2 protein chains.
Amino acid sequence: MKAEIVGIGDELLYGFTTNTNAARIAEMLLNIGIEPRYMTTVGDNERDMMDALIRARMRSDIVITTGGLGPTPDDITQKVVAKLFGLEIQFYEGMMKDVEEKYARLNRPVPEFARNQAEFPVGATPIYNPIGTASGIEIVRENKYFYSLPGVPSEAMIMMEQYVIPKLESIPKREYVAVKLIRTASWGETQIQTALGKEGLKQIKEAGCSLAFLPKHGLVDLRLTAKAKSLQKANEMIEKALPLVLQATSSIRYHIGNESLIEVILNELTQMKKTVAFAESCTGGALSSMFTEVPGISRVFKGAVIAYHNAAKKTLLGVPAKTIDRDGAVSKSVVRAMASGAIKQFDADFAIAITGISGPSGATPTKPVGTVWIAIAKKYKGIDKPSIRAEHFVFPGPRLVHRLRTIHTALWMLWQEMKT
Amino acid sequence: MKAEIVGIGDELLYGFTTNTNAARIAEMLLNIGIEPRYMTTVGDNERDMMDALIRARMRSDIVITTGGLGPTPDDITQKVVAKLFGLEIQFYEGMMKDVEEKYARLNRPVPEFARNQAEFPVGATPIYNPIGTASGIEIVRENKYFYSLPGVPSEAMIMMEQYVIPKLESIPKREYVAVKLIRTASWGETQIQTALGKEGLKQIKEAGCSLAFLPKHGLVDLRLTAKAKSLQKANEMIEKALPLVLQATSSIRYHIGNESLIEVILNELTQMKKTVAFAESCTGGALSSMFTEVPGISRVFKGAVIAYHNAAKKTLLGVPAKTIDRDGAVSKSVVRAMASGAIKQFDADFAIAITGISGPSGATPTKPVGTVWIAIAKKYKGIDKPSIRAEHFVFPGPRLVHRLRTIHTALWMLWQEMKT
């Protein structure tokens with residue numbers, strides 16, 4: 001079944017908001033064997049929306065829209081969807097009561113146009129919204145499935161999880177897609193291709209699978225895809241090709257599946273009952289921030305010092321002033337001292353320390369923009385001084401690219417130290 | 001002129017990558033009076049891509065595609081675009097030399113399929129890529145403008161800036177769009193509407209403008225839009241409606257224009273020659289990370305302590321153990337001690353301290369998930385103790401929503417302290 005995701009809202013079209021819903025809905029659909037084929041974004045105007053929805057209905061078996069279900073006059077999704085299916089709009093007293101109760105619970109006044117949220121296409125099924133005030137819409141016609149969800153990501157996601165995905169999972173399909181992610185770090189695309197060899201790539205094709213390379217700033221995901229008449233058959237095709245990929249990536253692989261490098265590290269640290277702390281300079285807290293986005297991380301994460309200025313490296317991490325004066329803040333000796341300072345200050349088992357020049361300014365003749373030192377410190381029971389491994393890199397690219405590349409490399413180095 | 005942005009790539013469609021290019025290109029177009037009307041995403045397969053591009057060419061005056069220009073066999077944008085316009089593909093010796101030189105400069109081996117990147121549609125104009133190896137494509141036919149750019153965001157963005165935007169700016173257009181952002185914090189949508197009043201909203205309409213509300217987790221952007229035959233006329237319409245919006249938002253506005261709250265704070269601190277430091281607990285480094293994404297921030301940002309565990313609050317921020325024992329880690333006394341500790345440890349002029357329960361676990365009977373204390377400390381010259389303002393909130397919503405709401409609120413509180 002072909003699925004299409006339609007984002008609705010001027011704020012998406014005008015670039016003020018990035019459409020993260022589309023990516024997350026796509027991932028959820030793929031997990032149950034449904035292939036997302038199109039993503040479309042239109043503004044809050046009836047003609048464009050109708051045009052996009054008519055086309056989506058024609059070419060796709062499943063259409064999921066997000067946005068335009070709110071209470072303001074801009075929000076016209078309900079009206080357009082009703083027109084699309086030739087349904088009347090009716091005001092429902094019961095829905096209005098629900099809406100009012102929800103505003104009360106959220107401690108917000110009922111807005112002028114709240115009444116709009118109790119107007120609903122007759123013959124459509126309302127989808128319960130456990131967070132916000134806007135109900136979703138389900139319309140099933142001739143084996144085609146149409147859903148409208150609110151644009152607020154947390155609301156759209158929970159309604160996908162609780163209603164749309166279970167429903168779509170239960171319907172029979174003509175074709176299933178199976179996908180397996182193999183997640184690696186350190187090598188580039190070309191190196192991995194060489195490791196697979198022409199023969200390996202040929203055998204993957206013969207198993208009926210396609211293999212895609214998805215590089216992400218120091219990490220490369222390999223994606224095996226197979227399509228078949230049943231989800232079981234598609235999975236069997238994947239199982240046939242998988243060993244070839246696993247063999248070629250044994251030294252650079254951290255996971256098979258959807259878990260991120262951070263989630264893999266979290267699970268392993270939890271099992272080991274070990275903790276970690278960070279000392280960040282040029283990454284400015286981004287490593288800590290990414291790390292703490294994952295629920296449950298407080299079991300293993302002690303904290304971090306963001307030593308953006310040199311003074312903080314001295315006072316908070318105990319880096320000797322003379323080391324900074326002698327070797328500069330971006331140096332092997334300083335990154336080692338930062339890592340050992342973090343272990344000590346936070347009483348952690350592992351520490352990552354990062355110091356570098358992410359640009360655009362800050363370069364010196366011997367240290368170009370992109371220079372970075374990363375150290376991993378590891379504490380052994382009963383031994384006073386941690387063991388420390390430090391490495392030096394020059395990552396090209398603009399500030400945020402450099403930052404991501406640095407963080408991914410540091411996490412990969414930590415993962416390696418954890419496994420040895 | 002109607003513009004359409006087409007994202008190409010299975011990784012976008014399958015949700016492994018979020019399409020940030022589309023939002024940034026849209027914003028750039030809008031800045032020169034061109035309205036983005038559609039965004040589309042298709043996978044790396046010829047039929048879907050052709051279908052999307054034919055439609056885009058029909059309905060839009062400007063089409064910009066990103067992705068599919070790389071060296072691997074998946075990358076078929078060149079081929080499909082050539083077919084779309086009925087152009088031959090030819091191998092160019094000179095382009096091949098450029099590609100080889102670029103790989104050499106990036107210290108990367110020339111991949112097997114690099115030759116693809118020197119094949120180019122005859123009659124199209126190549127767009128120089130100052131970062132990567134893939135050239136862009138420009139095709140102009142009958143007052144319609146077609147561009148293909150690489151999918152790597154840094155490459156697509158620089159090619160937009162250096163080539164596409166100056167080109168599109170120079171062509172005469174039938175209609176121009178002017179947009180003005182008015183950025184506010186603290187109030188919700190409904191409160192702002194009440195402040196504007198029915199009369200205000202009516203006058204904005206009479207000036208020929210539309211007003212949209214874009215709430216973002218504690219911040220609300222107001223967007224005035226006007227369309228006219230010249231950019232000057234559209235701007236005049238905006239100028240007529242603007243005072244009404246400014247009057248209603250005087251106590252909650254931090255900026256008129258595209259600058260973010262962090263950029264506004266950075267500029268003001270730079271002018272004041274003052275510095276800031278953070279003590280973060282539940283936000284886990286996300287405040288520091290967002291802050292340091294902005295280039296130039298090292299002028300004003302001293303650093304941060306991410307005190308995820310209580311031990312770090314004591315050792316690194318000097319919060320008395322008995323205060324934590326008596327009031328708990330999420331309390332007024334602890335957040336005040338954290339803020340004053342940050343001022344002292346980093347020798348900063350301002351500090352933000354945050355402690356809270358972002359969930360899903362960690363709640364107590366008196367402190368529900370979502371509880372957060374935020375403090376702003378401000379140092380006065382010659383006075384030993386900083387002045388501290390602390391406030392208490394309960395922000396509903398999942399972990400990352402709570403995090404954003406907390407950060408926005410903390411930055412708004414800092415901004416207020418800076419201005420008084």
# chains A, B, ... in the order shown; residues from 1 in each chain; ligands from 1
$ select_by_dssp --residues "region 192-410 of chain A" --states "alpha helix (DSSP H)" --output "number ranges by chain"
A: 192-206, 231-248, 261-272, 286-292, 310-317, 321-327, 332-346, 399-410
$ interface_residues --of "chain B" --to "chain A" --cutoff "7 Å" --atoms "only C-alpha atoms" --output "PyMOL selection string"
chain B and resi 12-18+20+23-24+26-27+30+36-43+111+190+284-286+288-289+292-293+302-309+312+316+346+400
$ calpha_fit_and_write --fixed "chain A" --moving "chain B" --output "short mmCIF file (atom, residue, chain, number, x, y, z; two decimals) with C-alpha atoms, in the first residue's frame"
data_model
loop_
_atom_site.label_atom_id
_atom_site.label_comp_id
_atom_site.auth_asym_id
_atom_site.auth_seq_id
_atom_site.Cartn_x
_atom_site.Cartn_y
_atom_site.Cartn_z
CA MET B 1 -0.04 -0.02 -0.11
CA LYS B 2 1.22 3.42 -0.98
CA ALA B 3 1.09 6.01 1.74
CA GLU B 4 1.22 9.78 1.45
CA ILE B 5 1.82 12.32 4.19
CA VAL B 6 0.48 15.85 3.75
CA GLY B 7 1.69 18.66 6.02
CA ILE B 8 -0.69 21.62 6.22
CA GLY B 9 0.23 25.11 7.38
CA ASP B 10 1.80 28.36 6.18
CA GLU B 11 4.38 28.07 8.97
CA LEU B 12 5.77 24.91 7.31
CA LEU B 13 5.68 26.46 3.87
CA TYR B 14 7.29 29.71 4.91
CA GLY B 15 10.12 27.90 6.67
CA PHE B 16 9.39 29.10 10.19
CA THR B 17 8.79 25.52 11.33
CA THR B 18 10.49 22.34 10.16
CA ASN B 19 8.09 19.49 9.44
CA THR B 20 9.29 16.82 11.86
CA ASN B 21 5.91 15.06 11.86
CA ALA B 22 6.38 13.78 8.33
CA ALA B 23 9.65 11.97 9.14
CA ARG B 24 8.28 10.37 12.29
CA ILE B 25 5.03 9.23 10.67
CA ALA B 26 7.02 7.76 7.78
CA GLU B 27 9.15 5.76 10.18
CA MET B 28 6.08 4.42 11.99
CA LEU B 29 4.46 3.33 8.72
CA LEU B 30 7.59 1.59 7.54
CA ASN B 31 7.74 -0.38 10.78
CA ILE B 32 4.46 -2.07 9.88
CA GLY B 33 5.45 -2.77 6.27
CA ILE B 34 3.73 0.22 4.63
CA GLU B 35 5.80 2.28 2.20
CA PRO B 36 5.62 6.07 2.35
CA ARG B 37 5.71 7.22 -1.28
CA TYR B 38 5.01 10.95 -1.18
CA MET B 39 5.26 13.80 1.26
CA THR B 40 3.56 17.06 0.43
CA THR B 41 3.30 20.40 2.21
CA VAL B 42 0.67 23.03 1.47
CA GLY B 43 -0.33 26.30 3.07
CA ASP B 44 -3.54 27.25 4.83
CA ASN B 45 -5.48 28.05 1.69
CA GLU B 46 -8.40 26.07 0.39
CA ARG B 47 -7.47 25.81 -3.28
CA ASP B 48 -3.93 24.49 -2.79
CA MET B 49 -5.05 22.15 -0.03
CA MET B 50 -7.89 20.73 -2.14
CA ASP B 51 -5.54 20.29 -5.08
CA ALA B 52 -3.01 18.40 -2.95
CA LEU B 53 -5.65 16.22 -1.28
CA ILE B 54 -7.42 15.27 -4.52
CA ARG B 55 -4.12 14.16 -5.95
CA ALA B 56 -3.16 12.32 -2.77
CA ARG B 57 -6.49 10.48 -2.72
CA MET B 58 -6.01 9.45 -6.34
CA ARG B 59 -2.48 8.15 -6.19
CA SER B 60 -2.20 6.79 -2.63
CA ASP B 61 -4.04 4.14 -0.61
CA ILE B 62 -3.32 5.80 2.70
CA VAL B 63 -3.30 9.56 3.24
CA ILE B 64 -2.32 11.14 6.54
CA THR B 65 -2.56 14.91 6.98
CA THR B 66 -1.21 16.93 9.88
CA GLY B 67 -2.16 20.47 10.83
CA GLY B 68 -5.03 22.88 10.36
CA LEU B 69 -7.36 21.35 12.97
CA GLY B 70 -6.99 24.12 15.57
CA PRO B 71 -9.57 26.68 16.67
CA THR B 72 -8.49 29.73 14.67
CA PRO B 73 -10.04 30.83 11.34
CA ASP B 74 -6.76 29.78 9.62
CA ASP B 75 -7.55 26.18 10.50
CA ILE B 76 -9.63 24.89 7.61
CA THR B 77 -8.63 21.23 7.32
CA GLN B 78 -12.01 19.99 8.61
CA LYS B 79 -13.89 22.02 6.04
CA VAL B 80 -11.67 21.02 3.13
CA VAL B 81 -11.71 17.33 4.06
CA ALA B 82 -15.51 17.39 4.31
CA LYS B 83 -15.71 18.93 0.83
CA LEU B 84 -13.23 16.42 -0.54
CA PHE B 85 -15.46 13.53 0.51
CA GLY B 86 -18.76 15.37 -0.07
CA LEU B 87 -19.72 15.29 3.60
CA GLU B 88 -21.78 17.80 5.58
CA ILE B 89 -20.26 19.60 8.55
CA GLN B 90 -22.33 19.43 11.74
CA PHE B 91 -21.94 20.96 15.19
CA TYR B 92 -21.81 18.32 17.94
CA GLU B 93 -22.87 19.38 21.44
CA GLY B 94 -20.96 16.46 23.01
CA MET B 95 -17.71 17.37 21.26
CA MET B 96 -18.10 20.99 22.43
CA LYS B 97 -18.37 19.77 26.03
CA ASP B 98 -15.17 17.73 25.60
CA VAL B 99 -13.37 20.74 24.16
CA GLU B 100 -14.48 22.99 27.04
CA GLU B 101 -13.43 20.40 29.60
CA LYS B 102 -10.01 20.12 27.98
CA TYR B 103 -9.40 23.88 28.07
CA ALA B 104 -10.42 23.83 31.74
CA ARG B 105 -7.99 21.00 32.46
CA LEU B 106 -5.16 22.87 30.64
CA ASN B 107 -6.02 25.98 32.68
CA ARG B 108 -6.59 27.96 29.52
CA PRO B 109 -9.54 30.22 28.67
CA VAL B 110 -11.86 28.88 25.96
CA PRO B 111 -10.87 30.88 22.87
CA GLU B 112 -13.36 32.75 20.72
CA PHE B 113 -13.32 30.20 17.91
CA ALA B 114 -13.30 27.03 20.05
CA ARG B 115 -16.70 26.16 18.54
CA ASN B 116 -14.91 25.26 15.29
CA GLN B 117 -13.38 22.29 17.06
CA ALA B 118 -16.82 20.80 17.73
CA GLU B 119 -17.79 20.96 14.05
CA PHE B 120 -17.16 17.63 12.38
CA PRO B 121 -17.86 15.97 9.01
CA VAL B 122 -20.98 13.76 9.25
CA GLY B 123 -20.08 10.13 8.55
CA ALA B 124 -16.40 10.49 9.50
CA THR B 125 -14.93 8.91 12.64
CA PRO B 126 -13.42 11.20 15.27
CA ILE B 127 -9.99 10.16 16.62
CA TYR B 128 -9.49 10.84 20.32
CA ASN B 129 -6.73 13.34 21.19
CA PRO B 130 -5.44 12.59 24.71
CA ILE B 131 -3.34 15.78 24.93
CA GLY B 132 -4.89 18.69 23.04
CA THR B 133 -8.34 19.93 22.12
CA ALA B 134 -8.50 19.04 18.40
CA SER B 135 -9.97 15.64 17.47
CA GLY B 136 -8.56 13.77 14.50
CA ILE B 137 -10.60 12.56 11.52
CA GLU B 138 -10.78 9.07 9.97
CA ILE B 139 -12.55 8.38 6.69
CA VAL B 140 -12.42 4.94 5.05
CA ARG B 141 -13.75 4.58 1.48
CA GLU B 142 -13.20 1.76 -1.04
CA ASN B 143 -10.13 0.32 0.70
CA LYS B 144 -8.56 3.73 0.96
CA TYR B 145 -7.72 5.18 4.34
CA PHE B 146 -7.74 8.87 5.11
CA TYR B 147 -6.59 10.44 8.39
CA SER B 148 -6.32 14.05 9.56
CA LEU B 149 -4.29 14.71 12.69
CA PRO B 150 -3.35 17.94 14.52
CA GLY B 151 -0.05 19.63 13.68
CA VAL B 152 1.37 19.70 17.23
CA PRO B 153 3.97 16.89 17.09
CA SER B 154 3.23 15.38 20.50
CA GLU B 155 -0.49 15.17 19.67
CA ALA B 156 -0.01 13.80 16.17
CA MET B 157 2.45 11.17 17.43
CA ILE B 158 0.29 9.82 20.25
CA MET B 159 -2.74 9.62 17.93
CA MET B 160 -0.63 7.72 15.39
CA GLU B 161 0.51 5.30 18.07
CA GLN B 162 -2.83 4.79 19.75
CA TYR B 163 -5.17 4.77 16.77
CA VAL B 164 -3.80 5.00 13.24
CA ILE B 165 -0.97 2.46 13.42
CA PRO B 166 -3.00 -0.34 15.12
CA LYS B 167 -5.75 0.24 12.55
CA LEU B 168 -3.44 0.16 9.52
CA GLU B 169 -1.59 -2.83 10.92
CA SER B 170 -4.81 -4.84 10.95
CA ILE B 171 -5.80 -4.36 7.29
CA PRO B 172 -4.67 -6.87 4.65
CA LYS B 173 -2.21 -5.50 2.07
CA ARG B 174 -1.09 -6.46 -1.44
CA GLU B 175 2.57 -5.73 -0.81
CA TYR B 176 4.70 -5.46 2.30
CA VAL B 177 7.98 -3.68 2.74
CA ALA B 178 10.62 -4.88 5.18
CA VAL B 179 13.53 -2.69 6.14
CA LYS B 180 16.57 -3.32 8.32
CA LEU B 181 19.00 -0.66 9.48
CA ILE B 182 22.63 -1.58 10.12
CA ARG B 183 24.30 1.29 11.94
CA THR B 184 28.01 2.00 11.69
CA ALA B 185 30.55 4.66 12.61
CA SER B 186 34.03 5.73 11.53
CA TRP B 187 34.22 4.53 7.89
CA GLY B 188 32.86 6.43 4.90
CA GLU B 189 30.51 5.09 2.25
CA THR B 190 33.30 4.15 -0.15
CA GLN B 191 35.23 2.15 2.45
CA ILE B 192 32.12 0.15 3.31
CA GLN B 193 31.43 -0.55 -0.36
CA THR B 194 34.96 -1.83 -0.78
CA ALA B 195 34.53 -4.11 2.25
CA LEU B 196 31.30 -5.53 0.80
CA GLY B 197 33.00 -6.08 -2.57
CA LYS B 198 31.31 -6.49 -5.94
CA GLU B 199 30.45 -10.09 -5.12
CA GLY B 200 28.76 -9.09 -1.86
CA LEU B 201 26.72 -6.38 -3.55
CA LYS B 202 25.69 -8.87 -6.25
CA GLN B 203 24.52 -11.44 -3.70
CA ILE B 204 22.46 -8.84 -1.87
CA LYS B 205 20.68 -8.06 -5.13
CA GLU B 206 20.15 -11.74 -5.83
CA ALA B 207 18.47 -12.09 -2.45
CA GLY B 208 15.93 -9.57 -3.76
CA CYS B 209 17.11 -6.75 -1.52
CA SER B 210 18.29 -3.24 -2.21
CA LEU B 211 21.01 -1.63 -0.11
CA ALA B 212 21.21 2.10 0.54
CA PHE B 213 23.94 4.12 2.25
CA LEU B 214 22.83 6.92 4.56
CA PRO B 215 25.83 8.93 5.77
CA LYS B 216 25.27 11.27 8.72
CA HIS B 217 28.31 13.25 9.77
CA GLY B 218 30.69 10.49 10.82
CA LEU B 219 28.05 7.77 11.03
CA VAL B 220 26.77 5.67 8.13
CA ASP B 221 23.50 3.76 8.27
CA LEU B 222 23.08 0.92 5.81
CA ARG B 223 19.48 0.18 4.88
CA LEU B 224 18.41 -3.16 3.46
CA THR B 225 14.96 -3.09 1.83
CA ALA B 226 12.84 -5.97 0.51
CA LYS B 227 9.32 -6.03 -0.92
CA ALA B 228 7.06 -9.09 -1.03
CA LYS B 229 3.48 -10.37 -0.86
CA SER B 230 3.73 -10.99 2.87
CA LEU B 231 5.66 -9.31 5.65
CA GLN B 232 7.12 -12.72 6.49
CA LYS B 233 8.45 -13.25 2.95
CA ALA B 234 9.95 -9.75 2.88
CA ASN B 235 11.63 -10.42 6.22
CA GLU B 236 13.05 -13.72 4.90
CA MET B 237 14.64 -11.89 1.99
CA ILE B 238 16.24 -9.48 4.45
CA GLU B 239 17.53 -12.38 6.57
CA LYS B 240 19.24 -13.82 3.50
CA ALA B 241 21.15 -10.64 2.66
CA LEU B 242 21.85 -9.53 6.21
CA PRO B 243 24.87 -11.80 6.97
CA LEU B 244 26.78 -10.29 4.02
CA VAL B 245 26.34 -6.81 5.44
CA LEU B 246 27.14 -7.90 8.98
CA GLN B 247 30.39 -9.53 7.93
CA ALA B 248 31.63 -6.45 6.08
CA THR B 249 30.76 -4.10 8.96
CA SER B 250 31.85 -6.15 11.97
CA SER B 251 34.54 -3.71 13.14
CA ILE B 252 32.48 -0.54 12.66
CA ARG B 253 28.95 -1.60 13.62
CA TYR B 254 27.28 -0.47 16.81
CA HIS B 255 23.72 -1.66 16.23
CA ILE B 256 21.29 -3.57 14.04
CA GLY B 257 17.91 -1.84 14.21
CA ASN B 258 16.44 1.55 15.05
CA GLU B 259 18.35 2.42 18.22
CA SER B 260 20.65 5.41 18.05
CA LEU B 261 24.27 5.35 19.19
CA ILE B 262 23.23 7.20 22.37
CA GLU B 263 20.50 4.66 23.13
CA VAL B 264 22.93 1.81 22.59
CA ILE B 265 25.40 3.45 24.99
CA LEU B 266 22.65 4.14 27.56
CA ASN B 267 21.52 0.52 27.55
CA GLU B 268 25.05 -0.82 27.86
CA LEU B 269 26.03 1.57 30.67
CA THR B 270 22.82 0.69 32.52
CA GLN B 271 23.65 -3.02 32.28
CA MET B 272 27.23 -2.38 33.38
CA LYS B 273 25.95 -0.16 36.22
CA LYS B 274 28.47 2.49 35.16
CA THR B 275 28.20 6.26 34.81
CA VAL B 276 29.55 8.91 32.45
CA ALA B 277 30.30 12.65 32.57
CA PHE B 278 31.35 15.16 29.92
CA ALA B 279 33.73 18.09 29.63
CA GLU B 280 32.73 20.05 26.54
CA SER B 281 34.33 23.07 25.01
CA CYS B 282 33.67 23.71 21.31
CA THR B 283 30.54 21.53 21.24
CA GLY B 284 29.02 23.94 23.74
CA GLY B 285 26.68 21.54 25.54
CA ALA B 286 25.37 19.84 22.41
CA LEU B 287 26.72 16.45 23.47
CA SER B 288 25.01 16.74 26.88
CA SER B 289 21.84 18.01 25.25
CA MET B 290 21.63 15.15 22.75
CA PHE B 291 22.45 12.66 25.47
CA THR B 292 19.77 13.91 27.86
CA GLU B 293 17.06 13.93 25.20
CA VAL B 294 16.74 10.21 25.83
CA PRO B 295 14.45 9.33 28.78
CA GLY B 296 16.11 7.23 31.49
CA ILE B 297 19.52 8.76 30.90
CA SER B 298 19.71 10.05 34.51
CA ARG B 299 20.58 6.47 35.55
CA VAL B 300 23.96 6.80 33.85
CA PHE B 301 24.64 10.50 33.22
CA LYS B 302 26.28 12.41 36.08
CA GLY B 303 26.59 15.80 34.43
CA ALA B 304 28.91 18.00 32.43
CA VAL B 305 31.03 21.09 32.51
CA ILE B 306 30.72 23.35 29.48
CA ALA B 307 34.10 25.04 29.68
CA TYR B 308 33.65 27.57 26.90
CA HIS B 309 36.23 29.95 28.32
CA ASN B 310 39.65 28.83 29.53
CA ALA B 311 39.00 30.04 33.07
CA ALA B 312 36.34 27.37 33.48
CA LYS B 313 38.75 24.69 32.27
CA LYS B 314 41.00 25.64 35.17
CA THR B 315 38.55 26.28 38.01
CA LEU B 316 35.94 23.62 37.24
CA LEU B 317 38.02 20.87 35.64
CA GLY B 318 41.38 21.45 37.29
CA VAL B 319 43.32 21.85 34.04
CA PRO B 320 46.69 23.40 35.09
CA ALA B 321 47.07 26.98 33.87
CA LYS B 322 50.60 26.26 32.69
CA THR B 323 49.38 23.40 30.47
CA ILE B 324 46.98 25.76 28.69
CA ASP B 325 49.66 28.45 28.41
CA ARG B 326 52.23 25.99 27.04
CA ASP B 327 50.13 23.88 24.63
CA GLY B 328 47.04 26.03 23.99
CA ALA B 329 43.44 25.15 24.84
CA VAL B 330 43.12 22.87 21.81
CA SER B 331 45.81 20.30 22.57
CA LYS B 332 46.38 16.73 23.66
CA SER B 333 47.53 17.66 27.15
CA VAL B 334 44.51 19.90 27.79
CA VAL B 335 41.95 17.39 26.50
CA ARG B 336 43.52 14.69 28.69
CA ALA B 337 43.40 16.97 31.74
CA MET B 338 39.77 17.85 30.97
CA ALA B 339 38.78 14.17 30.78
CA SER B 340 40.51 13.28 34.00
CA GLY B 341 39.02 16.39 35.66
CA ALA B 342 35.52 15.32 34.60
CA ILE B 343 35.99 11.80 36.01
CA LYS B 344 37.12 13.30 39.30
CA GLN B 345 34.61 16.16 39.65
CA PHE B 346 31.61 13.97 38.84
CA ASP B 347 32.94 10.72 40.33
CA ALA B 348 32.05 9.01 37.03
CA ASP B 349 33.33 5.73 35.52
CA PHE B 350 33.77 7.17 32.03
CA ALA B 351 34.29 10.69 30.73
CA ILE B 352 34.34 12.31 27.31
CA ALA B 353 36.34 15.51 26.88
CA ILE B 354 36.21 17.66 23.76
CA THR B 355 38.15 20.78 22.82
CA GLY B 356 38.40 22.24 19.34
CA ILE B 357 37.89 25.07 16.91
CA SER B 358 34.44 24.85 15.32
CA GLY B 359 34.77 28.15 13.49
CA PRO B 360 34.11 30.42 11.77
CA SER B 361 36.86 32.17 13.78
CA GLY B 362 39.50 30.93 16.24
CA ALA B 363 41.99 29.27 13.89
CA THR B 364 45.76 29.58 14.31
CA PRO B 365 48.53 28.90 11.74
CA THR B 366 49.09 25.37 13.11
CA LYS B 367 45.48 24.66 14.10
CA PRO B 368 43.00 25.22 11.24
CA VAL B 369 39.24 25.64 11.76
CA GLY B 370 37.88 22.14 12.29
CA THR B 371 40.71 20.96 14.53
CA VAL B 372 39.43 18.95 17.48
CA TRP B 373 40.89 16.83 20.26
CA ILE B 374 38.69 14.14 21.84
CA ALA B 375 39.62 12.12 24.93
CA ILE B 376 37.91 9.19 26.62
CA ALA B 377 38.80 8.53 30.25
CA LYS B 378 38.00 5.22 31.92
CA LYS B 379 38.27 4.53 35.63
CA TYR B 380 39.39 1.12 36.83
CA LYS B 381 38.28 -0.12 40.24
CA GLY B 382 40.95 0.43 42.88
CA ILE B 383 43.27 2.31 40.54
CA ASP B 384 43.65 5.99 41.25
CA LYS B 385 44.37 7.41 37.83
CA PRO B 386 41.97 6.78 34.94
CA SER B 387 43.27 5.41 31.65
CA ILE B 388 42.91 7.99 28.90
CA ARG B 389 42.82 7.67 25.13
CA ALA B 390 43.05 10.91 23.16
CA GLU B 391 42.72 11.44 19.41
CA HIS B 392 43.10 14.35 17.09
CA PHE B 393 40.93 15.15 14.04
CA VAL B 394 40.34 17.88 11.52
CA PHE B 395 36.69 17.86 10.50
CA PRO B 396 35.83 20.19 7.61
CA GLY B 397 32.49 21.93 7.20
CA PRO B 398 30.47 24.69 8.84
CA ARG B 399 29.95 25.08 12.59
CA LEU B 400 27.00 22.75 13.13
CA VAL B 401 28.34 20.07 10.79
CA HIS B 402 31.63 20.12 12.67
CA ARG B 403 29.73 19.86 15.93
CA LEU B 404 27.74 16.79 14.88
CA ARG B 405 30.77 15.06 13.40
CA THR B 406 32.70 15.69 16.64
CA ILE B 407 29.88 14.39 18.85
CA HIS B 408 29.37 11.25 16.75
CA THR B 409 33.08 10.52 16.78
CA ALA B 410 33.32 11.07 20.55
CA LEU B 411 30.37 8.73 21.20
CA TRP B 412 31.89 6.08 18.94
CA MET B 413 35.21 6.36 20.82
CA LEU B 414 33.33 6.00 24.14
CA TRP B 415 31.50 2.95 22.79
CA GLN B 416 34.78 1.33 21.79
CA GLU B 417 36.29 1.96 25.25
CA MET B 418 33.18 0.50 26.88
CA LYS B 419 33.48 -2.69 24.83
CA THR B 420 37.15 -3.32 25.55
#
$ select_by_dssp --residues "region 340-420 of chain A" --states "strand (DSSP E or B)" --output "PDB file with C-alpha atoms, in the first residue's frame"
ATOM      1  CA  PHE A 350      33.744   7.120  32.018  1.00  0.00           C
ATOM      2  CA  ALA A 351      34.265  10.637  30.723  1.00  0.00           C
ATOM      3  CA  ILE A 352      34.310  12.263  27.317  1.00  0.00           C
ATOM      4  CA  ALA A 353      36.299  15.478  26.887  1.00  0.00           C
ATOM      5  CA  ILE A 354      36.169  17.638  23.766  1.00  0.00           C
ATOM      6  CA  THR A 355      38.125  20.753  22.848  1.00  0.00           C
ATOM      7  CA  GLY A 356      38.367  22.217  19.378  1.00  0.00           C
ATOM      8  CA  THR A 371      40.677  20.955  14.562  1.00  0.00           C
ATOM      9  CA  VAL A 372      39.391  18.948  17.503  1.00  0.00           C
ATOM     10  CA  TRP A 373      40.854  16.809  20.299  1.00  0.00           C
ATOM     11  CA  ILE A 374      38.665  14.125  21.855  1.00  0.00           C
ATOM     12  CA  ALA A 375      39.604  12.095  24.944  1.00  0.00           C
ATOM     13  CA  ILE A 376      37.895   9.154  26.619  1.00  0.00           C
ATOM     14  CA  ALA A 377      38.784   8.502  30.245  1.00  0.00           C
ATOM     15  CA  LYS A 378      37.999   5.177  31.923  1.00  0.00           C
ATOM     16  CA  SER A 387      43.280   5.386  31.650  1.00  0.00           C
ATOM     17  CA  ILE A 388      42.899   7.979  28.909  1.00  0.00           C
ATOM     18  CA  ARG A 389      42.804   7.665  25.136  1.00  0.00           C
ATOM     19  CA  ALA A 390      43.039  10.921  23.168  1.00  0.00           C
ATOM     20  CA  GLU A 391      42.712  11.453  19.425  1.00  0.00           C
ATOM     21  CA  HIS A 392      43.092  14.369  17.116  1.00  0.00           C
ATOM     22  CA  PHE A 393      40.920  15.149  14.062  1.00  0.00           C
ATOM     23  CA  VAL A 394      40.324  17.875  11.537  1.00  0.00           C
TER      24      VAL A 394
END
